Amino acid sequence: MWSKVNIKISAGTLLILLLVFFSFFPDLIVSRENAPSLLLDEEGEFIAKTPYSPAEYPPLGTNVSGEPLLHNILIGAKYTIVFVSVVCLLRFVIALVLAIYYAFYVHKFKNIWKRTIEIAYIIPPVLVIFFLLAPLLGLFQEESFHFMLLLMVILISIGIPPLALLIGDEIKSELHKDFIKIAQLQGVSNFYIFKKHVWRIIKPRIGIFFIQNNIQLLLLLIHLGVLGIFIGGDRAIKVSEEKTILLPISNEWGGLIGSSYQEFLLHPWIVLAPLFSFMVLIIFLKIILAGMKGQ
Amino acid sequence: MWKSLVKSCRDISLIIFIILLISCMPVLFQTQSFTYFFQSIGSGIYYLFQPQKIIIPLSNGDEVPFFAAVYNAYLNSIIIIFGSLTIAIIVSILFTYLFHILTTPFKKVIHGIFFIVESMPDVLIVLLNIQFFIWIFKKTGISLGIYEFGGETIYLLPILALSSIPAIYLFKYMTASIDEEKTKDYYLLSRSKGFGESYIFFIHLFRNTLLTLIQYYKNIFLYMISSLLILEILLRLNGIMSFVKLYGIGDFRILMWVLIMLYFPLYIFIRSGEYIVNKWTFDEAGDQVVE
């Protein structure tokens, strides 16, 4: 049995699942309580005040209110990972349906569609999403779930056309092969051709596209976080008497970056820690990708 | 010749139509009524032909016509984009040459390092670059254009920070295509004739690599524009991306015109690239789909 299991795919998937598991139970790794607001050493001398750097409060330091960063990152991991997986899955399901229709039935307008979508997607999707959502940020203060749903719908709809075109072109190139033409001459229905021949050939490629899409969506989420759009809205926290900052409600990673990048020069670890977690997650996904490509 | 001209005109009108739609969509979202949507499409068409009529109230109270307000920011952004693209091209060519000469165990190490560097998000690369320059400043006192004196804008740090992102992509694609070129027959012929590696690299392999590279520069350029947005926000630069972020939310005409100003050079770039590839290879280069 061990020879049939691809070591890279299983290692990558296992690591991601471990991350999600620890995200649901963060207390197993790091304690929940906030750090004391002033750090004293053995003689009771004052060393530092919040936020603490990784050198003063291992392993990753704290943010401005004293919450340990590792704790916040672990809590937010499940939102980020599950959100991205769900969006990609839905994108793929709908894009597959559209791609089948495109590949089998659209012949005359193929070039027009291709050119249109190619041109329309020269505008970075980040800009489009930002301009759609930025005016609405004020409206959704209390109903964070609706905002998340709206973001999900917009992300899915923006991702579908290029994906449908990609999969559709793959299917079209398969349909030109000789054995499919023979099958069509013998009177086989389109659905059967798809199910028996095309699906088996494109299945590994769709897996690769899925992981690549996941990685692109994670990068998009970082950009949206910097622009101020978090999954599920934000809450205001009073830091001191005059200053309040906006933190993401769900501690998701894009929000952690977006709420703290302005103090990058003062407290770089608050921004760098979620960014490094993104890097680790992308490395896991690339391990799965390397396993799929090697197959 | 005429056919490609007609095709370009059709593309351009398509672009303008799509930009119009995209600019008016926020209005649709906000007011949720189709009448406002069509009204804004109408006024968008009107302002399309009279850009000088768009007046922007600046923060200090004056009102300036559109092009005067945006000219400075646009120039900044264009300088940064092209500067970082040039540096990225030079650096990636250098690195590809060095990589080509190295022996195999080194290559494995570099592959491993590259795997990790490639998975870093672009925001992380930019922030690490900033930290690196600040560290250099602290150690040696050489300030490479980090801070600005009054009205003078900084260029060096943004250009260097932005250039790492296309450099990584270019390096990846170039090494992949050079490996592919090595399997071809003319390489074997040149080696058997006794030409040196450097000569073969720069004169023969490289030219054929350029062709495959032109197909990828589309993706690279797009990635750079979205990274430029993040860079401008992080460094608080006065560029066209932060301009559109500031003014474009309420006023869709500004959004529309800034998108057009971004789009046109990009479209000319892409079309000229396709034309060049067409001429050199007698092959249609339009098979790449933008994701």
# chains A, B, ... in the order shown; residues from 1 in each chain; ligands from 1
>>> interface_residues(of="chain A", to="chain B", cutoff="7 Å", atoms="only C-alpha atoms", output="mmCIF file with N, CA, C and O atoms, in the first residue's frame")
data_model
loop_
_atom_site.group_PDB
_atom_site.id
_atom_site.type_symbol
_atom_site.label_atom_id
_atom_site.label_comp_id
_atom_site.auth_asym_id
_atom_site.auth_seq_id
_atom_site.Cartn_x
_atom_site.Cartn_y
_atom_site.Cartn_z
ATOM 1 N N GLU A 118 -9.633 37.567 -22.153
ATOM 2 C CA GLU A 118 -8.214 37.898 -22.050
ATOM 3 C C GLU A 118 -8.019 39.368 -21.782
ATOM 4 O O GLU A 118 -7.224 39.773 -20.948
ATOM 5 N N ILE A 119 -8.780 40.200 -22.489
ATOM 6 C CA ILE A 119 -8.610 41.636 -22.350
ATOM 7 C C ILE A 119 -9.196 42.124 -21.044
ATOM 8 O O ILE A 119 -8.624 42.964 -20.373
ATOM 9 N N ALA A 120 -10.347 41.582 -20.674
ATOM 10 C CA ALA A 120 -10.994 42.093 -19.468
ATOM 11 C C ALA A 120 -10.167 41.804 -18.237
ATOM 12 O O ALA A 120 -10.220 42.538 -17.266
ATOM 13 N N TYR A 121 -9.375 40.733 -18.258
ATOM 14 C CA TYR A 121 -8.645 40.386 -17.067
ATOM 15 C C TYR A 121 -7.275 41.006 -16.993
ATOM 16 O O TYR A 121 -6.472 40.627 -16.149
ATOM 17 N N ILE A 122 -7.007 41.982 -17.895
ATOM 18 C CA ILE A 122 -5.764 42.719 -17.737
ATOM 19 C C ILE A 122 -5.878 43.649 -16.538
ATOM 20 O O ILE A 122 -4.896 43.961 -15.888
ATOM 21 N N PRO A 124 -6.207 44.268 -12.887
ATOM 22 C CA PRO A 124 -6.011 43.341 -11.779
ATOM 23 C C PRO A 124 -7.297 43.161 -10.994
ATOM 24 O O PRO A 124 -7.962 44.140 -10.668
ATOM 25 N N PHE A 131 -12.843 48.287 -5.489
ATOM 26 C CA PHE A 131 -13.798 49.343 -5.786
ATOM 27 C C PHE A 131 -15.236 48.904 -5.599
ATOM 28 O O PHE A 131 -16.115 49.723 -5.386
ATOM 29 N N LEU A 132 -15.470 47.604 -5.681
ATOM 30 C CA LEU A 132 -16.823 47.144 -5.423
ATOM 31 C C LEU A 132 -17.147 47.163 -3.940
ATOM 32 O O LEU A 132 -18.258 47.459 -3.539
ATOM 33 N N PRO A 135 -16.911 50.971 -0.727
ATOM 34 C CA PRO A 135 -17.987 51.828 -0.217
ATOM 35 C C PRO A 135 -18.905 51.114 0.752
ATOM 36 O O PRO A 135 -19.610 51.753 1.521
ATOM 37 N N PRO A 162 -11.927 33.147 -16.319
ATOM 38 C CA PRO A 162 -10.663 32.637 -16.859
ATOM 39 C C PRO A 162 -10.479 31.152 -16.613
ATOM 40 O O PRO A 162 -9.884 30.439 -17.433
ATOM 41 N N LEU A 166 -9.826 28.225 -19.338
ATOM 42 C CA LEU A 166 -8.653 27.358 -19.255
ATOM 43 C C LEU A 166 -9.051 25.902 -19.381
ATOM 44 O O LEU A 166 -8.529 25.139 -20.206
ATOM 45 N N LEU A 219 -2.658 34.802 -2.278
ATOM 46 C CA LEU A 219 -1.956 36.066 -2.526
ATOM 47 C C LEU A 219 -2.945 37.214 -2.681
ATOM 48 O O LEU A 219 -2.718 38.316 -2.192
ATOM 49 N N HIS A 223 -3.411 40.925 -0.536
ATOM 50 C CA HIS A 223 -3.582 42.269 -1.100
ATOM 51 C C HIS A 223 -4.851 42.909 -0.592
ATOM 52 O O HIS A 223 -4.887 44.088 -0.238
ATOM 53 N N LEU A 275 2.672 37.065 7.652
ATOM 54 C CA LEU A 275 3.223 36.877 6.308
ATOM 55 C C LEU A 275 4.028 35.595 6.236
ATOM 56 O O LEU A 275 3.964 34.858 5.251
ATOM 57 N N MET A 279 3.575 32.198 4.034
ATOM 58 C CA MET A 279 4.633 31.542 3.262
ATOM 59 C C MET A 279 4.661 30.052 3.577
ATOM 60 O O MET A 279 4.805 29.220 2.679
ATOM 61 N N ILE A 282 1.805 28.375 1.826
ATOM 62 C CA ILE A 282 2.052 28.238 0.389
ATOM 63 C C ILE A 282 3.099 27.151 0.127
ATOM 64 O O ILE A 282 2.997 26.410 -0.856
ATOM 65 N N ILE A 283 4.088 27.031 1.025
ATOM 66 C CA ILE A 283 5.075 25.954 0.844
ATOM 67 C C ILE A 283 4.398 24.601 0.945
ATOM 68 O O ILE A 283 4.669 23.697 0.135
#
>>> residues_around(residues="Asn208 of chain B", least_positions_apart="6", cutoff="9 Å", atoms="only C-alpha atoms", output="JSON, numbers by chain")
{"B": [177, 178, 181]}
>>> residues_around(residues="segment 188-201 of chain B", least_positions_apart="3", cutoff="12 Å", atoms="only C-alpha atoms", output="ChimeraX atom specification")
/B:93-94,96-102,174-175,178-179,181-185,204-209
>>> residues_around(residues="segment 104-108 of chain A", least_positions_apart="6", cutoff="10 Å", atoms="only C-alpha atoms", output="short mmCIF file (atom, residue, chain, number, x, y, z; two decimals) with N, CA and C atoms, in the first residue's frame")
data_model
loop_
_atom_site.label_atom_id
_atom_site.label_comp_id
_atom_site.auth_asym_id
_atom_site.auth_seq_id
_atom_site.Cartn_x
_atom_site.Cartn_y
_atom_site.Cartn_z
N GLY A 168 -11.88 24.78 -20.48
CA GLY A 168 -12.53 24.56 -21.77
C GLY A 168 -11.53 24.33 -22.89
N ILE A 171 -10.18 20.82 -22.61
CA ILE A 171 -11.12 19.81 -23.11
C ILE A 171 -11.17 19.86 -24.63
N LYS A 172 -11.15 21.09 -25.17
CA LYS A 172 -11.22 21.20 -26.63
C LYS A 172 -10.03 20.53 -27.29
N LEU A 175 -10.61 16.97 -27.44
CA LEU A 175 -11.65 16.51 -28.35
C LEU A 175 -11.16 16.40 -29.78
N ASN A 190 -22.37 12.83 -26.23
CA ASN A 190 -21.31 13.69 -25.71
C ASN A 190 -21.00 13.40 -24.27
N PHE A 191 -22.05 13.13 -23.49
CA PHE A 191 -21.85 12.91 -22.07
C PHE A 191 -20.97 11.70 -21.83
N PHE A 194 -17.41 12.48 -22.54
CA PHE A 194 -16.81 13.23 -21.46
C PHE A 194 -16.47 12.32 -20.29
#
>>> closest_residue(among="A:Phe284, A:Phe24, A:Leu265, A:Gly255", to="His71 of chain A", atoms="only C-alpha atoms")
A:Phe24
>>> select_by_dssp(residues="segment 158-287 of chain B", states="alpha helix (DSSP H)", output="VMD selection string")
chain B and resid 158 to 182 185 to 193 197 to 199 206 to 235 240 to 247 252 to 281
>>> decode(residues="segment 147-159 of chain A", atoms="N, CA, C and O atoms", output="JSON list (two decimals), in the first residue's frame")
[["chain", "number", "residue", "atom", "x", "y", "z"],
["A", 147, "PHE", "N", -21.13, 39.91, 5.25],
["A", 147, "PHE", "CA", -20.02, 40.47, 4.50],
["A", 147, "PHE", "C", -19.14, 39.36, 3.95],
["A", 147, "PHE", "O", -18.68, 39.42, 2.81],
["A", 148, "MET", "N", -18.95, 38.33, 4.80],
["A", 148, "MET", "CA", -18.11, 37.23, 4.34],
["A", 148, "MET", "C", -18.77, 36.54, 3.14],
["A", 148, "MET", "O", -18.12, 36.17, 2.17],
["A", 149, "LEU", "N", -20.10, 36.41, 3.22],
["A", 149, "LEU", "CA", -20.81, 35.78, 2.11],
["A", 149, "LEU", "C", -20.70, 36.62, 0.84],
["A", 149, "LEU", "O", -20.47, 36.08, -0.26],
["A", 150, "LEU", "N", -20.83, 37.92, 0.99],
["A", 150, "LEU", "CA", -20.71, 38.80, -0.17],
["A", 150, "LEU", "C", -19.34, 38.71, -0.79],
["A", 150, "LEU", "O", -19.18, 38.61, -2.02],
["A", 151, "LEU", "N", -18.32, 38.72, 0.08],
["A", 151, "LEU", "CA", -16.95, 38.60, -0.43],
["A", 151, "LEU", "C", -16.76, 37.28, -1.15],
["A", 151, "LEU", "O", -16.13, 37.21, -2.21],
["A", 152, "MET", "N", -17.35, 36.23, -0.60],
["A", 152, "MET", "CA", -17.22, 34.92, -1.21],
["A", 152, "MET", "C", -17.86, 34.91, -2.60],
["A", 152, "MET", "O", -17.27, 34.42, -3.56],
["A", 153, "VAL", "N", -19.06, 35.49, -2.69],
["A", 153, "VAL", "CA", -19.74, 35.49, -3.99],
["A", 153, "VAL", "C", -18.94, 36.28, -5.02],
["A", 153, "VAL", "O", -18.76, 35.84, -6.16],
["A", 154, "ILE", "N", -18.42, 37.44, -4.59],
["A", 154, "ILE", "CA", -17.65, 38.25, -5.55],
["A", 154, "ILE", "C", -16.39, 37.54, -5.99],
["A", 154, "ILE", "O", -16.04, 37.51, -7.17],
["A", 155, "LEU", "N", -15.68, 36.90, -5.03],
["A", 155, "LEU", "CA", -14.45, 36.20, -5.39],
["A", 155, "LEU", "C", -14.75, 35.05, -6.34],
["A", 155, "LEU", "O", -14.01, 34.80, -7.29],
["A", 156, "ILE", "N", -15.85, 34.33, -6.09],
["A", 156, "ILE", "CA", -16.17, 33.21, -6.97],
["A", 156, "ILE", "C", -16.47, 33.73, -8.38],
["A", 156, "ILE", "O", -15.94, 33.23, -9.37],
["A", 157, "SER", "N", -17.32, 34.77, -8.47],
["A", 157, "SER", "CA", -17.69, 35.23, -9.81],
["A", 157, "SER", "C", -16.53, 35.81, -10.57],
["A", 157, "SER", "O", -16.45, 35.66, -11.77],
["A", 158, "ILE", "N", -15.58, 36.44, -9.86],
["A", 158, "ILE", "CA", -14.45, 36.99, -10.59],
["A", 158, "ILE", "C", -13.53, 35.89, -11.07],
["A", 158, "ILE", "O", -12.88, 36.00, -12.11],
["A", 159, "GLY", "N", -13.48, 34.80, -10.32],
["A", 159, "GLY", "CA", -12.54, 33.75, -10.70],
["A", 159, "GLY", "C", -13.04, 32.81, -11.77],
["A", 159, "GLY", "O", -12.26, 32.07, -12.36]]
